[in-house]
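The file start28.cif comes next; it holds mmCIF, C-alpha atoms and all ligand atoms.
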```
data_target
#
loop_
_atom_site.label_atom_id
_atom_site.label_comp_id
_atom_site.auth_asym_id
_atom_site.auth_seq_id
_atom_site.Cartn_x
_atom_site.Cartn_y
_atom_site.Cartn_z
CA MET A 98 97.47 95.40 83.22
CA SER A 99 99.50 98.29 84.50
CA GLY A 100 98.52 100.22 87.56
CA LYS A 101 98.23 103.91 88.30
CA LYS A 102 100.72 105.66 90.52
CA ILE A 103 99.83 105.31 94.20
CA LEU A 104 100.16 108.61 96.04
CA PRO A 105 102.32 108.54 99.18
CA PHE A 106 101.51 109.83 102.65
CA GLY A 107 102.12 113.57 102.51
CA ASP A 108 100.06 114.12 99.38
CA PRO A 109 97.28 116.59 100.32
CA ILE A 110 94.62 114.59 98.39
CA LEU A 111 94.94 111.84 101.02
CA ARG A 112 93.77 114.31 103.68
CA LYS A 113 90.70 115.55 101.77
CA LYS A 114 87.13 114.36 102.29
CA ALA A 115 86.20 112.57 99.07
CA ARG A 116 83.02 113.37 97.11
CA PRO A 117 80.21 110.88 96.61
CA ILE A 118 79.56 109.26 93.25
CA VAL A 119 76.40 110.59 91.63
CA ARG A 120 76.62 109.07 88.15
CA PHE A 121 76.93 105.35 87.54
CA ASP A 122 78.42 105.63 84.10
CA GLN A 123 81.46 104.63 82.02
CA GLU A 124 83.67 107.03 83.93
CA LEU A 125 82.91 105.12 87.15
CA GLY A 126 83.59 101.83 85.35
CA LYS A 127 86.96 103.15 84.20
CA LEU A 128 87.83 104.34 87.73
CA LEU A 129 86.93 100.90 89.15
CA GLY A 130 89.08 99.25 86.46
CA ASP A 131 92.03 101.54 87.20
CA LEU A 132 91.69 100.83 90.93
CA ALA A 133 91.53 97.05 90.43
CA ASN A 134 94.55 97.05 88.07
CA THR A 135 96.51 99.16 90.53
CA LEU A 136 95.48 96.99 93.47
CA TYR A 137 96.51 93.75 91.79
CA ALA A 138 99.80 95.25 90.56
CA ALA A 139 100.81 95.99 94.15
CA GLU A 140 102.53 93.51 96.41
CA GLY A 141 100.88 92.67 99.71
CA ARG A 142 97.68 94.38 98.60
CA ALA A 143 94.32 94.20 100.33
CA GLY A 144 92.52 97.40 99.47
CA LEU A 145 92.80 100.66 97.60
CA ALA A 146 90.71 103.82 97.81
CA ALA A 147 90.26 106.22 94.89
CA PRO A 148 92.03 109.14 96.66
CA GLN A 149 95.18 106.98 96.71
CA ILE A 150 95.35 107.25 92.90
CA GLY A 151 94.51 110.95 93.00
CA VAL A 152 90.74 110.75 92.49
CA SER A 153 88.88 112.32 95.42
CA LYS A 154 85.74 110.20 95.13
CA ARG A 155 84.06 107.74 97.50
CA VAL A 156 85.13 104.54 95.70
CA ILE A 157 87.12 101.58 97.07
CA VAL A 158 88.29 98.22 95.76
CA MET A 159 89.34 95.42 98.09
CA ASP A 160 90.46 91.84 97.89
CA CYS A 161 90.91 90.41 101.34
CA GLY A 162 91.29 86.86 100.04
CA ASP A 163 87.79 86.16 98.70
CA GLY A 164 87.83 88.03 95.41
CA LEU A 165 87.30 91.61 94.38
CA ILE A 166 84.85 93.80 96.29
CA GLU A 167 83.81 97.23 94.98
CA LEU A 168 82.45 99.83 97.41
CA ILE A 169 80.78 103.02 96.24
CA ASN A 170 79.59 105.69 98.72
CA PRO A 171 79.80 103.15 101.59
CA ARG A 172 78.30 103.97 104.98
CA ILE A 173 78.82 102.14 108.28
CA LEU A 174 75.52 100.95 109.79
CA GLU A 175 76.82 99.00 112.75
CA THR A 176 80.05 98.07 114.49
CA ARG A 177 80.71 95.53 117.26
CA GLY A 178 83.60 94.35 119.35
CA GLU A 179 87.24 95.21 119.10
CA GLN A 180 90.36 93.76 117.49
CA THR A 181 94.00 94.82 117.75
CA GLY A 182 96.32 93.95 114.90
CA SER A 183 98.95 94.98 112.43
CA GLU A 184 98.00 97.24 109.56
CA ALA A 185 99.77 98.71 106.57
CA CYS A 186 98.93 101.00 103.67
CA LEU A 187 99.97 101.02 100.00
CA SER A 188 100.52 104.77 100.37
CA PHE A 189 103.14 104.16 103.07
CA PRO A 190 105.17 101.16 101.90
CA GLY A 191 107.68 99.51 104.20
CA TYR A 192 105.89 100.28 107.46
CA SER A 193 103.18 98.72 109.58
CA GLY A 194 101.49 99.73 112.78
CA VAL A 195 99.33 98.27 115.51
CA VAL A 196 95.77 99.59 115.24
CA LYS A 197 92.57 98.91 117.18
CA ARG A 198 89.46 98.43 115.05
CA ALA A 199 85.94 97.16 115.50
CA ASN A 200 85.86 93.37 115.06
CA TYR A 201 82.60 93.45 113.10
CA VAL A 202 81.11 95.98 110.72
CA LYS A 203 77.94 96.12 108.73
CA ILE A 204 77.92 98.59 105.85
CA LYS A 205 75.55 99.80 103.19
CA THR A 206 77.18 100.42 99.84
CA LEU A 207 76.26 100.78 96.18
CA THR A 208 77.25 98.55 93.30
CA ARG A 209 78.68 99.94 90.05
CA ASN A 210 75.10 99.90 88.76
CA GLY A 211 73.86 102.03 91.65
CA GLU A 212 72.09 99.21 93.50
CA GLU A 213 72.14 99.08 97.29
CA LEU A 214 74.07 96.26 98.91
CA LEU A 215 74.62 95.29 102.54
CA ILE A 216 77.99 93.80 103.46
CA GLU A 217 78.98 92.31 106.80
CA GLY A 218 82.58 91.64 107.72
CA GLU A 219 84.51 90.25 110.65
CA GLU A 220 88.16 90.27 111.61
CA PHE A 221 90.44 90.91 108.59
CA LEU A 222 87.60 91.92 106.25
CA ALA A 223 86.22 94.30 108.91
CA ARG A 224 89.69 95.78 109.33
CA CYS A 225 90.06 96.28 105.55
CA ILE A 226 86.68 97.96 105.30
CA GLN A 227 87.43 100.38 108.16
CA HIS A 228 90.93 101.20 106.86
CA GLU A 229 89.69 101.90 103.33
CA MET A 230 86.61 103.84 104.41
CA ASP A 231 88.87 106.08 106.53
CA HIS A 232 90.67 107.06 103.31
CA LEU A 233 87.42 108.58 102.02
CA ASP A 234 87.41 110.97 104.99
CA GLY A 235 91.10 111.86 104.84
CA VAL A 236 91.98 109.64 107.80
CA LEU A 237 95.11 107.45 107.74
CA TYR A 238 95.90 104.40 109.88
CA ILE A 239 98.78 106.17 111.57
CA ASP A 240 96.18 108.52 113.10
CA HIS A 241 94.88 105.53 115.12
CA ILE A 242 98.20 104.14 116.36
CA GLN A 243 98.55 104.10 120.13
CA ASP A 244 101.72 103.61 122.16
CA ASN A 245 103.91 104.62 119.22
CA GLU A 246 103.66 101.15 117.66
CA LEU A 247 104.83 101.89 114.13
CA TYR A 248 107.41 99.51 112.71
CA ASP A 249 109.91 99.49 109.87
CA ASP A 250 109.14 96.22 108.05
CA GLN A 251 112.76 95.71 106.91
CA THR A 252 114.42 96.00 110.30
CA GLY A 253 111.48 95.15 112.56
CA GLU A 254 112.50 98.16 114.63
CA LYS A 255 110.16 100.86 115.83
CA ALA A 256 109.87 103.74 113.39
CA ASN A 257 109.31 107.39 114.20
CA LEU A 258 105.54 107.78 114.39
CA GLN A 259 105.63 111.52 115.08
CA GLU A 260 107.71 112.06 111.97
CA ALA A 261 105.30 109.96 109.86
CA VAL A 262 102.30 111.86 111.21
CA ARG A 263 104.00 115.21 110.65
CA ARG A 264 104.89 114.29 107.05
CA SER A 265 101.33 113.19 106.30
CA LYS A 266 99.55 116.28 107.64
CA LYS A 267 97.97 118.88 105.46
CA PRO A 268 100.65 121.32 104.29
ZN ZN B 1 95.56 102.72 103.13
#
```
Go ahead and render the structure in this file as structure tokens.
Ligand code: ZN
Amino acid sequence: MSGKKILPFGDPILRKKARPIVRFDQELGKLLGDLANTLYAAEGRAGLAAPQIGVSKRVIVMDCGDGLIELINPRILETRGEQTGSEACLSFPGYSGVVKRANYVKIKTLTRNGEELLIEGEEFLARCIQHEMDHLDGVLYIDHIQDNELYDDQTGEKANLQEAVRRSKKP
């Protein structure tokens, strides 16, 4: 079970709007398998979006503690409330930032067989869903950080947010 290479902030694919899935075939099954293997090979993992392994398609895998969730062409139907908490990204290892998110989300997604599914999430699951869905639109969590609250995980010191944002912009 080896994973694919995870692209780092600065790769232009991470800033592209991903394309929807139109065929629910073996290729999609392989992509979901690659994403799951890559997710579980990573330390401190919670979610991974297809653009992070170089595939600009609207596919996400997540495991926020209750098993694997696959999202295909997800859409947000409803959000409620607000939460403020620490967030990190497999494409930007070693850093975390304080990000405000909705506390509750309801989404409509498709299964790998193309069937519609409604998912509701609160707190950490809601945060995961919003973080990963942002990846499908080329948005990164550092875009949401207020008050410069980006931290270097090793030292616990504040990191240079402007530099991180500049490095992760479209070239
Ligand atoms: Zn991420």
**Q.** Neighbourhood of ligand ZN 1 (chain B) at 12 Å, counting only C-alpha atoms and all ligand atoms, reported as a PyMOL selection string
**A.** chain A and resi 103-106+111-112+136+141-150+157-159+184-190+192-194+224-240
I'd like the contact shell of Lys101 (chain A) - 9 Å cut-off, only C-alpha atoms, skipping same-chain residues fewer than 4 positions apart - returned as a compact mmCIF listing (two decimals) with C-alpha atoms, keeping the file's coordinate frame.
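Contents of around_24.txt, as written:
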```txt
# COMPACT_ATOMS: atom_id res chain seq x y z
CA ASP A 131 92.03 101.54 87.20
CA LEU A 132 91.69 100.83 90.93
CA ASN A 134 94.55 97.05 88.07
CA THR A 135 96.51 99.16 90.53
CA ILE A 150 95.35 107.25 92.90
```
**Q.** From A:Leu125, A:Ala256, A:Leu215, A:Val195, residue lying nearest Asp244 (chain A) [all atoms listed in the file]
**A.** A:Val195
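Among the candidates A:Leu214, A:Leu207, A:Ala223, A:Ile242, the residue lying nearest to Glu179 (chain A) is A:Ala223 (atoms considered: all atoms listed in the file).
Using all atoms listed in the file, the smallest distance between any of A:Asn210, A:Val156, A:Asp249, A:Gly100 and Gln123 (chain A) comes from A:Asn210.
Taking CA of Glu175 (chain A) and CA of Lys113 (chain A) as endpoints, the distance between them is 24.2 Å.
Across the structure, CA of Leu168 (chain A) and CA of Lys102 (chain A) are spaced 20.4 Å apart.
Closest approach to Ala199 (chain A) among A:Glu167, A:Ile216, A:Gln180, A:Asp108: A:Gln180, based on all atoms listed in the file.
As for CA of Cys161 (chain A) and CA of Leu222 (chain A), they are spaced 6.1 Å apart.
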Q: Compare A:Glu219, A:Pro109, A:Lys127, A:Lys197 by their minimum atom-to-atom distance to Lys266 (chain A), counting only C-alpha atoms, and give me the closest one.
A: A:Pro109
Q: Pick out the closest residue to Thr206 (chain A) from this set: A:His241, A:Arg172, A:Arg116, A:Lys255. Count all atoms listed in the file.
A: A:Arg172
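Residues lying within 12 Å of Arg120 (chain A), counting all atoms listed in the file and ignoring same-chain neighbours fewer than 6 positions away, are Gly126, Lys154, Ile169, Asn170, Leu207, Thr208, Arg209, Asn210 and Gly211 of chain A.
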